[in-house]
Amino acid sequence: MNERRIKIEGLRYNPEKDTQPRFQTYEVPFTDDMSLLQGLQYIKDNLDGSFTFRWSCRMAICGSCGIMVNGNPRLSCETFLRDLLPGPVRVEPLENFPIQRDLAIDQSRFVDRLASVKPYIVPAREKPLAEGPHKQTPGELAAYYQYSQCINCLLCYAACPQVGLNPNFVGPAALTLLHRYNADSRDVGWSARAEVANSEGGVWGCTLVGYCSQVCPKGVDPAHAVNQNKATSALDYFGLRALLGGGR
Amino acid sequence: MSEIRTYRRPMGRWWTKNPTYRRYMAREASSFLLFAYALTLLYGLWRLSQGQAAYEGWLAWLASPFAIFLHLLMLLGMIVHTVTWFEVAPKTMPKTGLPERAITLGGVAAAAFASLVVVALAAWWGTSR
């Protein structure tokens, strides 16, 4: 395979030394089958061992390696260097998050938001083990399946200006998981998570920019999940939700 | 646990960074032109309440070059708003099973058809008097 070279401009920030980030350029040899993540690994292994970034599975499942690639949020493992020619490629940590070091962000705010939406099944009724498994029809599965594909990679948070502008906004992925559990027939539904959904930082924090759904690597469509719930939340506000059957 | 020192990037002019953001801002900004059109109509209604002379003064203003330019601008805003509104409509409604593009195109086509019917009726009413 013929070997080519591409320049990668990486954002560098060392919290112990730097007052603000700077860019450092590396020249990386690559083959056609190399991902951007492999390019970053080449830098770390051969050029600069201090270059910091997160990664794990290398196959778009773990959601660790999200970065800004030329200004767009991408998983670096499924972005190929051959598609970024002629370069240079500018890599930065995900937007709207504080930078911890180089390409690594501080996700702690997201983790708190995620916990706030109860991202687990709150059972509609306690079911004894003896009654066997919960059964769902294909229709009941389809109601939430797409939203359950989220891998918490945070590309949607980097795509959402409201996440950066509004510190209270719960954000696309967590609100999508809120909808995913509300829509599950085994779950008690809307009432378990109404307080978060109805809050200022809940579904109403979304202004429907829609870029979250464009960048999602798993086709989850957060914009749809969030905005369907605005109708439910409005009905809830007027006390009409139970009457008109908005949400579940 | 010791506190982690982090760097927060300024948001600055975030809407210039990406074509999707610019499109979003165009959608939101076009609503001001819709608002301006609503005000224009309300102003006409108010002039009507003040008698025939006032109303005819308003009609005369509508025929001025500035008013025509303003209406063309508002029409442009209306078209941008309609198209971008139907582009996001599939995101705000429950799942239909239809492709999103079909909802957008269907909505824009229905809006265009309804506008044509209204314009045709107005023209017919105007000429048959």
# chains A, B, ... in the order shown; residues from 1 in each chain; ligands from 1
$ interface_residues --of "chain A" --to "chain B" --cutoff "6 Å" --atoms "only C-alpha atoms" --output "list in words"
Pro15, Pro98, Ile99, Gln100, Val209, His224, Asn227 and Gln228 of chain A
$ residues_around --residues "His134 (chain A)" --least-positions-apart "4" --cutoff "10 Å" --atoms "only C-alpha atoms" --output "PDB file with N, CA and C atoms, in the first residue's frame"
ATOM      1  N   LYS A 127     -42.766  -6.797  39.214  1.00  0.00           N
ATOM      2  CA  LYS A 127     -43.198  -8.064  38.635  1.00  0.00           C
ATOM      3  C   LYS A 127     -42.395  -9.191  39.266  1.00  0.00           C
ATOM      4  N   LEU A 129     -40.398 -12.590  39.890  1.00  0.00           N
ATOM      5  CA  LEU A 129     -39.572 -13.375  38.964  1.00  0.00           C
ATOM      6  C   LEU A 129     -40.360 -14.543  38.374  1.00  0.00           C
ATOM      7  N   SER A 185     -42.337   0.400  27.194  1.00  0.00           N
ATOM      8  CA  SER A 185     -43.594  -0.094  27.771  1.00  0.00           C
ATOM      9  C   SER A 185     -43.416  -0.674  29.179  1.00  0.00           C
ATOM     10  N   ARG A 186     -42.167  -1.029  29.545  1.00  0.00           N
ATOM     11  CA  ARG A 186     -41.936  -1.582  30.885  1.00  0.00           C
ATOM     12  C   ARG A 186     -41.788  -0.490  31.936  1.00  0.00           C
TER      13      ARG A 186
END
$ residues_around --residues "region 73-81 of chain A" --least-positions-apart "3" --cutoff "7 Å" --atoms "only C-alpha atoms" --output "ChimeraX atom specification"
/A:34-37,58-60,65-69,84-85,94,155,158-159,215
$ residues_around --residues "region 56-67 of chain B" --least-positions-apart "3" --cutoff "8 Å" --atoms "only C-alpha atoms" --output "list in words"
Gly44, Arg47, Gln52, Ala53, Leu70 and His71 of chain B
$ residues_around --residues "region 216-221 of chain A" --least-positions-apart "3" --cutoff "7 Å" --atoms "only C-alpha atoms" --output "VMD selection string"
chain A and resid 146 to 147 149 to 150 155 to 156 212 to 213 224 to 225
$ closest_residue --among "A:Tyr144, A:Trp55, A:Arg82, A:Cys62" --to "Pro29 (chain A)" --atoms "only C-alpha atoms"
A:Arg82
$ atom_distance --atom1 "CA of Ser64 (chain A)" --atom2 "CA of Asp106 (chain A)"
12.2 Å
$ select_by_dssp --residues "chain B" --states "helix (DSSP H, G or I)" --output "ChimeraX atom specification"
/B:14-16,19-49,52-62,65-92,100-128
$ closest_residue --among "A:Arg125, A:Arg113, A:Arg241, A:Arg12" --to "Pro172 (chain A)" --atoms "only C-alpha atoms"
A:Arg113
$ atom_distance --atom1 "CA of Leu114 (chain A)" --atom2 "CA of Asn152 (chain A)"
9.4 Å
$ atom_distance --atom1 "CA of Ala231 (chain A)" --atom2 "CA of Lys135 (chain A)"
28.8 Å
$ residues_around --residues "His81 (chain B)" --least-positions-apart "4" --cutoff "10 Å" --atoms "only C-alpha atoms" --output "ChimeraX atom specification"
/B:26-34,75-77,85-87
$ decode --residues "region 31-68 of chain B" --atoms "N, CA and C atoms" --output "compact mmCIF listing (two decimals), in the first residue's frame"
# COMPACT_ATOMS: atom_id res chain seq x y z
N SER B 31 -38.21 35.31 11.09
CA SER B 31 -39.45 35.53 11.84
C SER B 31 -39.69 37.02 12.09
N PHE B 32 -38.60 37.82 12.12
CA PHE B 32 -38.76 39.27 12.30
C PHE B 32 -39.46 39.88 11.09
N LEU B 33 -39.18 39.34 9.88
CA LEU B 33 -39.84 39.85 8.68
C LEU B 33 -41.33 39.48 8.70
N LEU B 34 -41.64 38.27 9.23
CA LEU B 34 -43.05 37.88 9.39
C LEU B 34 -43.75 38.83 10.35
N PHE B 35 -43.04 39.17 11.43
CA PHE B 35 -43.57 40.08 12.44
C PHE B 35 -43.84 41.44 11.80
N ALA B 36 -42.89 41.89 10.94
CA ALA B 36 -43.05 43.18 10.27
C ALA B 36 -44.29 43.16 9.37
N TYR B 37 -44.55 42.02 8.72
CA TYR B 37 -45.72 41.93 7.84
C TYR B 37 -47.01 41.97 8.66
N ALA B 38 -47.00 41.28 9.80
CA ALA B 38 -48.17 41.30 10.68
C ALA B 38 -48.46 42.74 11.14
N LEU B 39 -47.39 43.47 11.47
CA LEU B 39 -47.54 44.87 11.90
C LEU B 39 -48.11 45.72 10.78
N THR B 40 -47.63 45.48 9.54
CA THR B 40 -48.13 46.23 8.38
C THR B 40 -49.63 46.04 8.22
N LEU B 41 -50.09 44.79 8.33
CA LEU B 41 -51.53 44.50 8.19
C LEU B 41 -52.33 45.14 9.33
N LEU B 42 -51.78 45.05 10.55
CA LEU B 42 -52.46 45.62 11.71
C LEU B 42 -52.58 47.14 11.57
N TYR B 43 -51.51 47.73 11.02
CA TYR B 43 -51.51 49.17 10.82
C TYR B 43 -52.62 49.56 9.85
N GLY B 44 -52.80 48.75 8.79
CA GLY B 44 -53.87 48.98 7.81
C GLY B 44 -55.23 48.91 8.47
N LEU B 45 -55.41 47.94 9.36
CA LEU B 45 -56.68 47.76 10.07
C LEU B 45 -56.96 48.99 10.95
N TRP B 46 -55.90 49.48 11.58
CA TRP B 46 -56.04 50.66 12.45
C TRP B 46 -56.43 51.89 11.63
N ARG B 47 -55.79 52.03 10.43
CA ARG B 47 -56.11 53.15 9.54
C ARG B 47 -57.57 53.04 9.07
N LEU B 48 -58.04 51.80 8.83
CA LEU B 48 -59.43 51.57 8.40
C LEU B 48 -60.39 52.08 9.47
N SER B 49 -60.03 51.87 10.73
CA SER B 49 -60.89 52.29 11.83
C SER B 49 -60.99 53.81 11.92
N GLN B 50 -60.05 54.50 11.26
CA GLN B 50 -60.04 55.97 11.34
C GLN B 50 -60.77 56.63 10.18
N GLY B 51 -61.41 55.83 9.35
CA GLY B 51 -62.22 56.41 8.28
C GLY B 51 -61.63 56.19 6.89
N GLN B 52 -62.44 56.56 5.89
CA GLN B 52 -62.10 56.26 4.49
C GLN B 52 -60.81 56.94 4.03
N ALA B 53 -60.65 58.21 4.39
CA ALA B 53 -59.49 58.98 3.93
C ALA B 53 -58.20 58.35 4.45
N ALA B 54 -58.20 58.00 5.74
CA ALA B 54 -57.02 57.39 6.34
C ALA B 54 -56.69 56.06 5.66
N TYR B 55 -57.75 55.26 5.40
CA TYR B 55 -57.55 53.95 4.77
C TYR B 55 -56.99 54.11 3.36
N GLU B 56 -57.52 55.06 2.63
CA GLU B 56 -57.04 55.25 1.26
C GLU B 56 -55.60 55.78 1.25
N GLY B 57 -55.26 56.56 2.29
CA GLY B 57 -53.87 57.00 2.45
C GLY B 57 -52.94 55.79 2.62
N TRP B 58 -53.41 54.81 3.40
CA TRP B 58 -52.62 53.60 3.62
C TRP B 58 -52.48 52.80 2.32
N LEU B 59 -53.59 52.71 1.55
CA LEU B 59 -53.56 52.01 0.26
C LEU B 59 -52.56 52.69 -0.69
N ALA B 60 -52.53 54.01 -0.66
CA ALA B 60 -51.61 54.76 -1.52
C ALA B 60 -50.16 54.48 -1.10
N TRP B 61 -49.94 54.41 0.22
CA TRP B 61 -48.59 54.10 0.71
C TRP B 61 -48.15 52.71 0.23
N LEU B 62 -49.11 51.75 0.21
CA LEU B 62 -48.79 50.39 -0.23
C LEU B 62 -48.26 50.37 -1.66
N ALA B 63 -48.70 51.34 -2.49
CA ALA B 63 -48.28 51.37 -3.90
C ALA B 63 -46.96 52.11 -4.10
N SER B 64 -46.41 52.68 -3.03
CA SER B 64 -45.14 53.42 -3.17
C SER B 64 -43.98 52.45 -3.39
N PRO B 65 -42.92 52.92 -4.08
CA PRO B 65 -41.77 52.02 -4.36
C PRO B 65 -41.17 51.42 -3.08
N PHE B 66 -41.11 52.25 -2.01
CA PHE B 66 -40.53 51.73 -0.76
C PHE B 66 -41.38 50.58 -0.20
N ALA B 67 -42.73 50.76 -0.23
CA ALA B 67 -43.61 49.72 0.30
C ALA B 67 -43.48 48.44 -0.54
N ILE B 68 -43.32 48.59 -1.84
CA ILE B 68 -43.19 47.41 -2.71
C ILE B 68 -41.86 46.70 -2.40
